[in-house]
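Engineer: A single structure is presented below for examination.
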Amino acid sequence: MDSLACQIQEPTNSSSQSQEVPAVFDVSGPVQRQTRADASTEASAVDSLAAGSTYTEGSSQSGPALQPRSLGLLPEPPTEFQRFVAATTGQTLPIYGIGLFTGRQVTFAPVANAPAPADLILAAQDELEIRIWGQVNFSANLRISRAGDIFLPKIGSVHVAGLTVAAAEEHLRQTMDRIYRNFELTVDLGQIHSIQVYIAGQARQPGEYTVSALSTLIDAVFASGGPSSTGSMRHIQLKRDGKVLTDLDLYELLVKGDKTGDLQLQPGDVLYIPPSGPQVALLGSVRAPCIFELSGKETLGALLDLAGGRTAMAAGSRISIDRIADHAERIAFELADNAEGLAAKLADGDIVRVDPITSNYRDTVTLRGSVANPGHFRWRPGMHLSDLIPDRDSLVARGYWWRRTQLGLPAPEFTADEQSSAGPSVAKTQDAAVRSTAGETDWDYAVIERRDPSTMNTSLIAFDLGKLVLEHDGAQDLALQPGDAVTVFSRDDLRVPVDRRTKYVRLEGEIVKAGVYSVAPGETLRSIVERAGGLTSKAYLYGSEFTRVSTQALEQQRLEEYANRLAHLLQRNAISDLQSHSGHNSSQSALLSANQALVSRLHEARASGRIVLKLSVSSQSVSDLPDVALEDGDRLVIPPRPSTIQVIGAVFNQNAFLCENNARVSTYLRLAGGPAREADHHQIFVLRADGSVVHRGNGNSMFEASSLDHLRLYPGDTIVVPEKMVRPSGFRTLADWTQIMSQLSLSSALLDVVK
């Protein structure tokens with residue numbers, strides 16, 4: 001046959017109007033595949049699905065797809081039985097399997113490119129992918145017309161509707177064999193036609209559905225949103241020509257993954273979901289507490305199997321059942337958890353409860369608290385405390401060595417001489433060591449908690465842990481009884497006497513052997529500095545900073561209280577000003593904003609916990625330090641002698657100036673340019689290097705003002721010149737709270753000098 005290329009034209013007969021399939025027919029040339037433009041239609045369907053729109057399958061050329069009529073189904077209100085169970089048990093149980101359909105946003109459609117079943121009958125609108133090569137080359141996707149035909153060049157119309165794909169391939173082969181020889185032919189199924197089915201009964205969305213011919217009964221169930229809360233999940237019927245073809249039990253699919261009852265849908269099929277059958281509630285120590293539907297006379301054992309069985313916490317003795325008797329009264333009874341009890345039949349409305357085991361232990365003793373291995377241990381006759389706590393290592397909590405490692409501290413067998421200079425930062429390690437005393441054992445007191453089995457009364461039996469473990473005192477080795485609980489306390493659990501507490505202090509600055517030191521009983525600040533080698537020649541004892549954790553906490557509390565009182569006072573005066581003035585001018589708003597900013601900064605301030613040691617500027621010896629008792633976490637920093645005086649606040653030149661002998665306040669104020677226009681002359685004060693404050697007073701006395709101007713300054717002192725602040729009535733003077741501020745570690749130069 002001569003080589004002939006011809007374009008297949010659209011047939012003019014009405015029976016093939018839908019076959020708009022351009023293709024190339026070449027008896028000798030290579031096969032040319034035609035690209036179908038169906039992606040846009042598919043994309044629009046995906047977009048609609050993502051947007052949650054309501055639509056059904058159309059009859060577009062790209063082919064149908066199974067779509068639910070609505071997406072994201074919301075949970076239904078509780079049924080009467082659910083409300084009854086909730087009122088009885090206090091728990092709202094879900095209906096078993098209903099969550100499979102609730103809130104879903106997928107189609108559950110059959111896979112579009114899945115192989116077609118062998119017995120699928122071709123019908124109008126199906127698409128055949130026909131490939132021919134050899135003596136004749138032909139490739140096209142042909143849609144079956146409403147008359148059931150496809151059109152082939154040189155062949156004409158071929159009727160294929162009513163045949164399977166395999167039969168259609170053989171029929172086309174025989175038809176072409178009348179004209180051509182030496183060719184190969186394959187026929188595959190492309191787009192599938194749609195069919196209409198009906199979903200009735202207790203479905204979430206009953207109605208008429210247009211679905212793919214590949215759809216099955218289960219596909220249609222998902223497309224309709226599944227059974228409603230009042231519908232059956234165990235008897236879903238597929239009716240065809242007035243006959244019930246199958247009775248699908250969804251529990252078989254949910255529990256066993258068995259879908260043998262699923263059937264292929266055909267046009268006109270009816271899917272019927274009847275009302276739910278008898279229901280029972282199962283709760284307690286089971287893997288799936290739910291409301292289950294009974295398909296017949298299920299036994300208790302079968303119900304437990306549906307729920308996935310009991311959990312490990314389930315009691316293995318009895319199972320409780322609450323039953324409605326003759327629609328008149330309720331009865332409660334128990335069944336033994338054995339073969340006979342599990343074979344008992346259940347009734348509609350039963351509430352089955354599998355109780356958990358009790359938390360008591362039998363023939364055990366408990367060790368808890370500050371120990372290495374807390375837990376429950378088997379009791380045996382003749383057991384004593386020494387069997388439970390054999391040595392001191394059993395009292396070292398596991399977290400203790402982990403904390404030491406995190407701090408960079410050595411293990412007990414690691415001596416100080418072996419430490420490498422390249423190890424962790426010594427300053428950080430020592431600082432953390434001051435706070436590492438938590439969890440140390442209280443050797444003086446431990447207790448046995450014992451319950452009398454006859455009266456159920458609890459008694460506490462104390463013993464001396466140190467004598468038991470360290471001295472092996474037989475009088476403290478008490479006999480244990482089943483159920484005893486032995487508690488070992490740490491020194492954080494109970495406050496022990498001060499002399500028996502572990503305390504660390506930190507010495508820094510101009511001290512010969514600065515570091516972290518443990519405090520011996522009765523040791524004071526003076527004695528521990530002497531033990532550290534005393535002071536260096538550059539030590540400025542007057543400027544020492546001695547801080548304490550407990551003082552810091554108390555000062556922080558007072559600062560917060562003051563800030564709260566100030567905020568309340570400012571708010572009260574602002575309300576008073578509003579009531580006394582007809583308008584609220586800009587100056588009042590600015591004042592209110594400034595005061596609120598001050599309160600906010602006071603809330604952000606953090607106390608340092610500094611204690612004024614009342615040293616003189618001439619103090620140079622350790623003997624000048626006060627003989628004050630030490631607390632855990634105390635910190636002493638002795639700086640070198642400074643050479644400057646600072647002037648901060650509302651002056652023309654905030655700066656540090658070299659300290660001169662016999663220099664006065666007025667001298668440094670002049671060096672700083674003097675107070676600025678916004679300065680509050682009456683509230684100038686001096687913050688001494690030792691932490692104390694010298695204040696000018698209320699300014700009513702000329703002598704007071706003059707005395708501050710002529711006050712002699714020492715190295716490290718700071719002159720503070722506050723800005724003017726409009727104070728409401730009742731506002732405390734600056735002198736009342738500069739004593740608080742002097743003890744604080746305030747950022748931005750004493751809150752920018754109380755702006």
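By order of appearance in the structure tokens: chains A, B, ..., then residues from 1 within every chain, and ligands from 1 in the order shown.
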Neighbouring residues of range 267-273 of chain A were defined as those with any atom within 6 Å, considering only C-alpha atoms; residues of the same chain fewer than 3 positions away were excluded. Please report them as a PyMOL selection string.

Structural biologist: chain A and resi 195-202+236-240

Engineer: Got a sec: who's within 12 Å of Val721 in chain A, counting only C-alpha atoms, leaving out chain neighbours fewer than 2 positions off, as a PyMOL selection string?

Structural biologist: chain A and resi 646-654+665+668-669+672+674-687+695-696+718-719+723-724+734+749-750+752-755

Engineer: I'd like to know which of A:Arg378, A:Arg392, A:Arg310, A:His193 is closest to Asp355 in chain A, using only C-alpha atoms.

Structural biologist: A:Arg310

Engineer: Could you name the residues that touch Ile150 in chain A at 8 Å or less, counting only C-alpha atoms, but leaving out those on the same chain fewer than 3 positions away, as a list in words?

Structural biologist: Ser16, Gln19, Leu142, Arg143, Ile144, Ser145, Ser157, Val158, His159 and Val160 of chain A

Engineer: Please dump the current selection as a tab-separated table (two decimals), in the first residue's frame; keep N, CA and C atoms.

Structural biologist:
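selection-v7.tsv, written as the output of this step:
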chain	number	residue	atom	x	y	z
A	16	SER	N	-21.65	10.28	15.87
A	16	SER	CA	-20.26	10.38	16.31
A	16	SER	C	-19.84	11.81	16.54
A	19	GLN	N	-16.76	12.56	18.85
A	19	GLN	CA	-15.44	12.02	18.58
A	19	GLN	C	-14.54	13.09	17.96
A	142	LEU	N	-9.99	7.17	21.16
A	142	LEU	CA	-11.31	7.30	20.57
A	142	LEU	C	-12.38	7.11	21.63
A	143	ARG	N	-13.35	8.02	21.65
A	143	ARG	CA	-14.45	7.93	22.60
A	143	ARG	C	-15.64	7.24	21.93
A	144	ILE	N	-16.26	6.35	22.67
A	144	ILE	CA	-17.41	5.61	22.15
A	144	ILE	C	-18.59	6.57	22.07
A	145	SER	N	-19.24	6.59	20.93
A	145	SER	CA	-20.36	7.49	20.72
A	145	SER	C	-21.59	6.98	21.45
A	157	SER	N	-17.20	2.93	10.95
A	157	SER	CA	-17.72	2.78	12.30
A	157	SER	C	-17.68	1.31	12.71
A	158	VAL	N	-17.23	1.11	13.97
A	158	VAL	CA	-17.16	-0.23	14.54
A	158	VAL	C	-17.93	-0.20	15.85
A	159	HIS	N	-18.86	-1.07	16.03
A	159	HIS	CA	-19.69	-1.10	17.24
A	159	HIS	C	-18.96	-1.91	18.33
A	160	VAL	N	-18.72	-1.27	19.46
A	160	VAL	CA	-17.99	-1.93	20.56
A	160	VAL	C	-18.76	-1.90	21.87

Engineer: Can you list, as a tab-separated table (two decimals) with N, CA and C atoms, in the first residue's frame, every protein, DNA or RNA residue that comes within 12 Å of Ile95 in chain A when you count only C-alpha atoms, leaving out same-chain residues fewer than 6 positions away?

Structural biologist:
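Saved as out_31.tsv:
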chain	number	residue	atom	x	y	z
A	75	PRO	N	-19.07	16.67	62.87
A	75	PRO	CA	-19.65	15.63	63.72
A	75	PRO	C	-21.13	15.91	64.00
A	76	GLU	N	-21.88	14.85	64.08
A	76	GLU	CA	-23.30	14.99	64.38
A	76	GLU	C	-23.53	15.12	65.88
A	77	PRO	N	-24.68	15.64	66.29
A	77	PRO	CA	-24.97	15.74	67.73
A	77	PRO	C	-25.08	14.35	68.34
A	78	PRO	N	-24.85	14.22	69.65
A	78	PRO	CA	-24.90	12.90	70.30
A	78	PRO	C	-26.27	12.27	70.15
A	79	THR	N	-26.28	10.96	69.99
A	79	THR	CA	-27.53	10.23	69.93
A	79	THR	C	-28.11	10.08	71.34
A	80	GLU	N	-29.33	9.57	71.40
A	80	GLU	CA	-29.97	9.37	72.70
A	80	GLU	C	-29.17	8.40	73.56
A	81	PHE	N	-28.64	7.34	72.93
A	81	PHE	CA	-27.87	6.37	73.70
A	81	PHE	C	-26.54	6.97	74.16
A	82	GLN	N	-25.91	7.80	73.34
A	82	GLN	CA	-24.69	8.46	73.77
A	82	GLN	C	-24.95	9.36	74.97
A	83	ARG	N	-26.05	10.11	74.95
A	83	ARG	CA	-26.39	10.96	76.09
A	83	ARG	C	-26.69	10.11	77.33
A	85	VAL	N	-25.42	7.14	78.05
A	85	VAL	CA	-24.14	6.63	78.57
A	85	VAL	C	-23.37	7.72	79.29
A	101	PHE	N	-15.43	8.73	58.75
A	101	PHE	CA	-16.12	9.56	57.76
A	101	PHE	C	-16.22	11.03	58.16
A	102	THR	N	-15.91	11.37	59.41
A	102	THR	CA	-16.12	12.73	59.90
A	102	THR	C	-14.94	13.61	59.54
A	227	PRO	N	-22.49	6.12	57.01
A	227	PRO	CA	-23.74	6.09	57.75
A	227	PRO	C	-23.82	7.26	58.74
A	228	SER	N	-25.02	7.74	58.98
A	228	SER	CA	-25.22	8.76	60.00
A	228	SER	C	-25.08	8.14	61.37
A	229	SER	N	-25.17	8.97	62.41
A	229	SER	CA	-25.03	8.44	63.77
A	229	SER	C	-26.15	7.47	64.13
A	230	THR	N	-27.26	7.54	63.42
A	230	THR	CA	-28.37	6.62	63.67
A	230	THR	C	-28.42	5.50	62.64
A	231	GLY	N	-27.46	5.45	61.72
A	231	GLY	CA	-27.44	4.43	60.68
A	231	GLY	C	-26.60	3.24	61.07
A	232	SER	N	-26.83	2.15	60.39
A	232	SER	CA	-26.11	0.91	60.68
A	232	SER	C	-24.79	0.87	59.95
A	233	MET	N	-23.78	0.36	60.60
A	233	MET	CA	-22.50	0.12	59.97
A	233	MET	C	-22.27	-1.37	59.72
A	276	SER	N	-29.58	1.83	62.73
A	276	SER	CA	-28.64	1.05	63.53
A	276	SER	C	-29.35	-0.05	64.30
A	279	GLN	N	-27.25	-1.57	70.29
A	279	GLN	CA	-25.97	-0.94	70.62
A	279	GLN	C	-25.61	-1.21	72.07
A	280	VAL	N	-24.30	-1.32	72.32
A	280	VAL	CA	-23.78	-1.46	73.68
A	280	VAL	C	-22.61	-0.50	73.82
A	281	ALA	N	-22.36	-0.08	75.05
A	281	ALA	CA	-21.24	0.82	75.35
A	281	ALA	C	-20.16	0.03	76.08
A	282	LEU	N	-18.92	0.24	75.69
A	282	LEU	CA	-17.79	-0.41	76.34
A	282	LEU	C	-16.80	0.67	76.75
A	288	ALA	N	-10.15	0.51	72.80
A	288	ALA	CA	-11.01	1.41	72.03
A	288	ALA	C	-12.35	1.55	72.74
A	289	PRO	N	-12.43	2.40	73.77
A	289	PRO	CA	-13.73	2.63	74.43
A	289	PRO	C	-14.68	3.31	73.46
A	290	CYS	N	-15.78	2.66	73.12
A	290	CYS	CA	-16.71	3.18	72.11
A	290	CYS	C	-18.09	2.61	72.36
A	291	ILE	N	-19.03	3.09	71.52
A	291	ILE	CA	-20.35	2.49	71.42
A	291	ILE	C	-20.34	1.59	70.19
A	292	PHE	N	-20.65	0.31	70.40
A	292	PHE	CA	-20.59	-0.68	69.34
A	292	PHE	C	-22.00	-1.13	68.96
A	293	GLU	N	-22.16	-1.46	67.67
A	293	GLU	CA	-23.42	-2.01	67.16
A	293	GLU	C	-23.31	-3.53	67.12
A	307	ALA	N	-13.08	-4.20	70.35
A	307	ALA	CA	-12.41	-3.05	70.95
A	307	ALA	C	-10.90	-3.21	71.00

Engineer: As a PyMOL selection string, which residues of range 228-415 of chain A does DSSP assign to strand (DSSP E)?

Structural biologist: chain A and resi 236-240+243-248+270-273+279-284+290-293+318-325+329-336+351-354+364-369+375-378

Engineer: Selection from above, C-alpha atoms, as an mmCIF file, in the first residue's frame, can you write it?

Structural biologist:
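Writing the result to again_0.cif gives the following:
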data_model
loop_
_atom_site.group_PDB
_atom_site.id
_atom_site.type_symbol
_atom_site.label_atom_id
_atom_site.label_comp_id
_atom_site.auth_asym_id
_atom_site.auth_seq_id
_atom_site.Cartn_x
_atom_site.Cartn_y
_atom_site.Cartn_z
ATOM 1 C CA ILE A 236 -25.269 -1.980 54.308
ATOM 2 C CA GLN A 237 -27.256 -3.448 51.445
ATOM 3 C CA LEU A 238 -26.674 -3.251 47.690
ATOM 4 C CA LYS A 239 -29.923 -3.717 45.766
ATOM 5 C CA ARG A 240 -30.150 -4.382 42.019
ATOM 6 C CA LYS A 243 -32.863 -8.013 44.832
ATOM 7 C CA VAL A 244 -30.303 -7.681 47.665
ATOM 8 C CA LEU A 245 -26.937 -8.665 46.216
ATOM 9 C CA THR A 246 -24.826 -8.193 49.344
ATOM 10 C CA ASP A 247 -25.110 -7.198 52.999
ATOM 11 C CA LEU A 248 -21.855 -5.386 53.799
ATOM 12 C CA VAL A 270 -29.400 1.282 45.141
ATOM 13 C CA LEU A 271 -27.278 1.448 48.268
ATOM 14 C CA TYR A 272 -29.479 1.219 51.356
ATOM 15 C CA ILE A 273 -28.292 1.965 54.904
ATOM 16 C CA GLN A 279 -25.969 -0.944 70.618
ATOM 17 C CA VAL A 280 -23.778 -1.455 73.676
ATOM 18 C CA ALA A 281 -21.236 0.815 75.345
ATOM 19 C CA LEU A 282 -17.790 -0.414 76.336
ATOM 20 C CA LEU A 283 -15.484 1.684 78.517
ATOM 21 C CA GLY A 284 -12.713 1.376 81.038
ATOM 22 C CA CYS A 290 -16.706 3.185 72.114
ATOM 23 C CA ILE A 291 -20.349 2.487 71.421
ATOM 24 C CA PHE A 292 -20.589 -0.679 69.338
ATOM 25 C CA GLU A 293 -23.416 -2.010 67.161
ATOM 26 C CA ARG A 318 -14.654 -9.278 87.053
ATOM 27 C CA ILE A 319 -16.387 -7.166 84.398
ATOM 28 C CA SER A 320 -19.306 -4.896 85.376
ATOM 29 C CA ILE A 321 -22.481 -4.632 83.278
ATOM 30 C CA ASP A 322 -25.318 -2.116 83.597
ATOM 31 C CA ARG A 323 -28.455 -3.392 81.810
ATOM 32 C CA ILE A 324 -31.951 -2.091 81.053
ATOM 33 C CA ALA A 325 -34.461 -4.792 82.001
ATOM 34 C CA GLU A 329 -35.725 -0.712 85.247
ATOM 35 C CA ARG A 330 -31.977 -0.915 85.361
ATOM 36 C CA ILE A 331 -29.960 -3.681 86.922
ATOM 37 C CA ALA A 332 -26.256 -4.039 87.551
ATOM 38 C CA PHE A 333 -24.300 -7.266 87.787
ATOM 39 C CA GLU A 334 -20.812 -8.632 87.287
ATOM 40 C CA LEU A 335 -19.402 -11.407 85.147
ATOM 41 C CA ALA A 336 -16.300 -13.373 85.921
ATOM 42 C CA ILE A 351 -23.023 -0.570 79.449
ATOM 43 C CA VAL A 352 -19.937 -2.734 79.927
ATOM 44 C CA ARG A 353 -17.103 -1.525 82.137
ATOM 45 C CA VAL A 354 -13.684 -3.125 82.430
ATOM 46 C CA THR A 364 6.691 -5.053 98.533
ATOM 47 C CA VAL A 365 8.442 -2.183 100.257
ATOM 48 C CA THR A 366 9.022 1.243 98.729
ATOM 49 C CA LEU A 367 12.187 3.334 98.850
ATOM 50 C CA ARG A 368 11.814 6.961 97.808
ATOM 51 C CA GLY A 369 13.383 10.382 98.185
ATOM 52 C CA GLY A 375 11.367 2.202 93.552
ATOM 53 C CA HIS A 376 9.497 -0.844 94.794
ATOM 54 C CA PHE A 377 11.370 -3.869 96.133
ATOM 55 C CA ARG A 378 10.180 -7.351 97.057
#

Engineer: For the atom pair CA of Leu189 in chain A and CA of Asp262 in chain A, what is the interatomic distance in Å to one decimal place?

Structural biologist: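 CA of Leu189 in chain A sits 22.7 Å away from CA of Asp262 in chain A.
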
Engineer: Using only C-alpha atoms, which of A:Gln552, A:Ser576, A:Asn595, A:Asn564 sits nearest Ser608 in chain A?

Structural biologist: A:Gln552

Engineer: Against range 624-642 of chain A, which residues of range 506-555 of chain A fall within 8 Å? For each one I want the closest pair of atoms and the distance in Å (one decimal), counting only C-alpha atoms, rows by chain and increasing residue number, as a Markdown table.

Structural biologist:
| residue | atom | partner | partner_atom | distance |
| --- | --- | --- | --- | --- |
| A:Arg506 | CA | A:Arg635 | CA | 4.7 |
| A:Leu507 | CA | A:Leu636 | CA | 5.0 |
| A:Glu508 | CA | A:Val637 | CA | 4.7 |
| A:Gly509 | CA | A:Ile638 | CA | 4.9 |
| A:Glu510 | CA | A:Ile638 | CA | 5.4 |
| A:Ile511 | CA | A:Ile638 | CA | 7.2 |
| A:Val519 | CA | A:Leu630 | CA | 7.6 |
| A:Gly522 | CA | A:Ala629 | CA | 7.3 |
| A:Glu523 | CA | A:Ala629 | CA | 6.8 |
| A:Thr524 | CA | A:Ala629 | CA | 4.6 |
| A:Leu525 | CA | A:Val628 | CA | 5.7 |
| A:Arg526 | CA | A:Asp627 | CA | 5.5 |
| A:Ser527 | CA | A:Asp627 | CA | 7.8 |
| A:Lys538 | CA | A:Pro640 | CA | 5.2 |
| A:Ala539 | CA | A:Pro640 | CA | 4.9 |
| A:Tyr540 | CA | A:Arg641 | CA | 4.6 |
| A:Leu541 | CA | A:Ile638 | CA | 6.2 |
| A:Gly543 | CA | A:Pro639 | CA | 6.6 |
| A:Ser544 | CA | A:Ile638 | CA | 4.5 |
| A:Glu545 | CA | A:Val637 | CA | 5.1 |
| A:Phe546 | CA | A:Leu636 | CA | 4.5 |
| A:Thr547 | CA | A:Arg635 | CA | 5.2 |
| A:Arg548 | CA | A:Asp634 | CA | 4.7 |
| A:Val549 | CA | A:Gly633 | CA | 6.0 |

Engineer: What is the distance between CA of Arg491 in chain A and CA of Glu560 in chain A, in Å to one decimal?

Structural biologist: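 Computed distance, CA of Arg491 in chain A to CA of Glu560 in chain A, equals 29.8 Å.
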
Engineer: Need to verify the contact set: Asp477 in chain A, 8 Å, only C-alpha atoms, exclusion of same-chain residues closer than 5 positions in sequence. Can you return it as a count of residues only?

Structural biologist: 4

Engineer: With distances taken over only C-alpha atoms, which residue among A:Met313, A:Leu559, A:Ala553, A:Leu713 lies nearest Val617 in chain A?

Structural biologist: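 Ranked by minimum distance to Val617 in chain A, first place goes to A:Leu713.
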
Engineer: For the atom pair CA of Asp717 in chain A and CA of Val516 in chain A, what is the interatomic distance in Å to one decimal place?

Structural biologist: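 These two atoms are separated by 28.5 Å.
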
Engineer: Under the rule that only C-alpha atoms are counted, which of A:Leu711, A:Val286, A:Ile461, A:Ile121 is the nearest residue to Thr311 in chain A?

Structural biologist: A:Val286

Engineer: As a list in words, please: the residues near range 213-217 of chain A (cut-off 7 Å, only C-alpha atoms, same-chain neighbours under 3 positions excluded).

Structural biologist: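 That gives Pro110, Ile192, His193, Ser194, Ile195, Ala220, Val221, Asp262, Leu263, Gln264, Leu265 and Gln266 of chain A.
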
Engineer: Please produce an output containing C-alpha atoms for each residue in the selection, written as a PDB file, in the first residue's frame.

Structural biologist:
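Contents of the output file again-v2.pdb:
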ATOM      1  CA  PRO A 110     -11.174   4.630  42.662  1.00  0.00           C
ATOM      2  CA  ILE A 192     -14.341   5.565  31.931  1.00  0.00           C
ATOM      3  CA  HIS A 193     -18.024   6.366  31.558  1.00  0.00           C
ATOM      4  CA  SER A 194     -20.149   7.466  34.493  1.00  0.00           C
ATOM      5  CA  ILE A 195     -23.065   5.656  36.016  1.00  0.00           C
ATOM      6  CA  ALA A 220     -20.158   4.929  47.251  1.00  0.00           C
ATOM      7  CA  VAL A 221     -20.412   4.620  51.045  1.00  0.00           C
ATOM      8  CA  ASP A 262     -17.611  -5.277  48.291  1.00  0.00           C
ATOM      9  CA  LEU A 263     -19.156  -5.405  44.777  1.00  0.00           C
ATOM     10  CA  GLN A 264     -18.783  -3.484  41.517  1.00  0.00           C
ATOM     11  CA  LEU A 265     -21.546  -0.928  40.951  1.00  0.00           C
ATOM     12  CA  GLN A 266     -23.771  -0.874  37.886  1.00  0.00           C
TER      13      GLN A 266
END
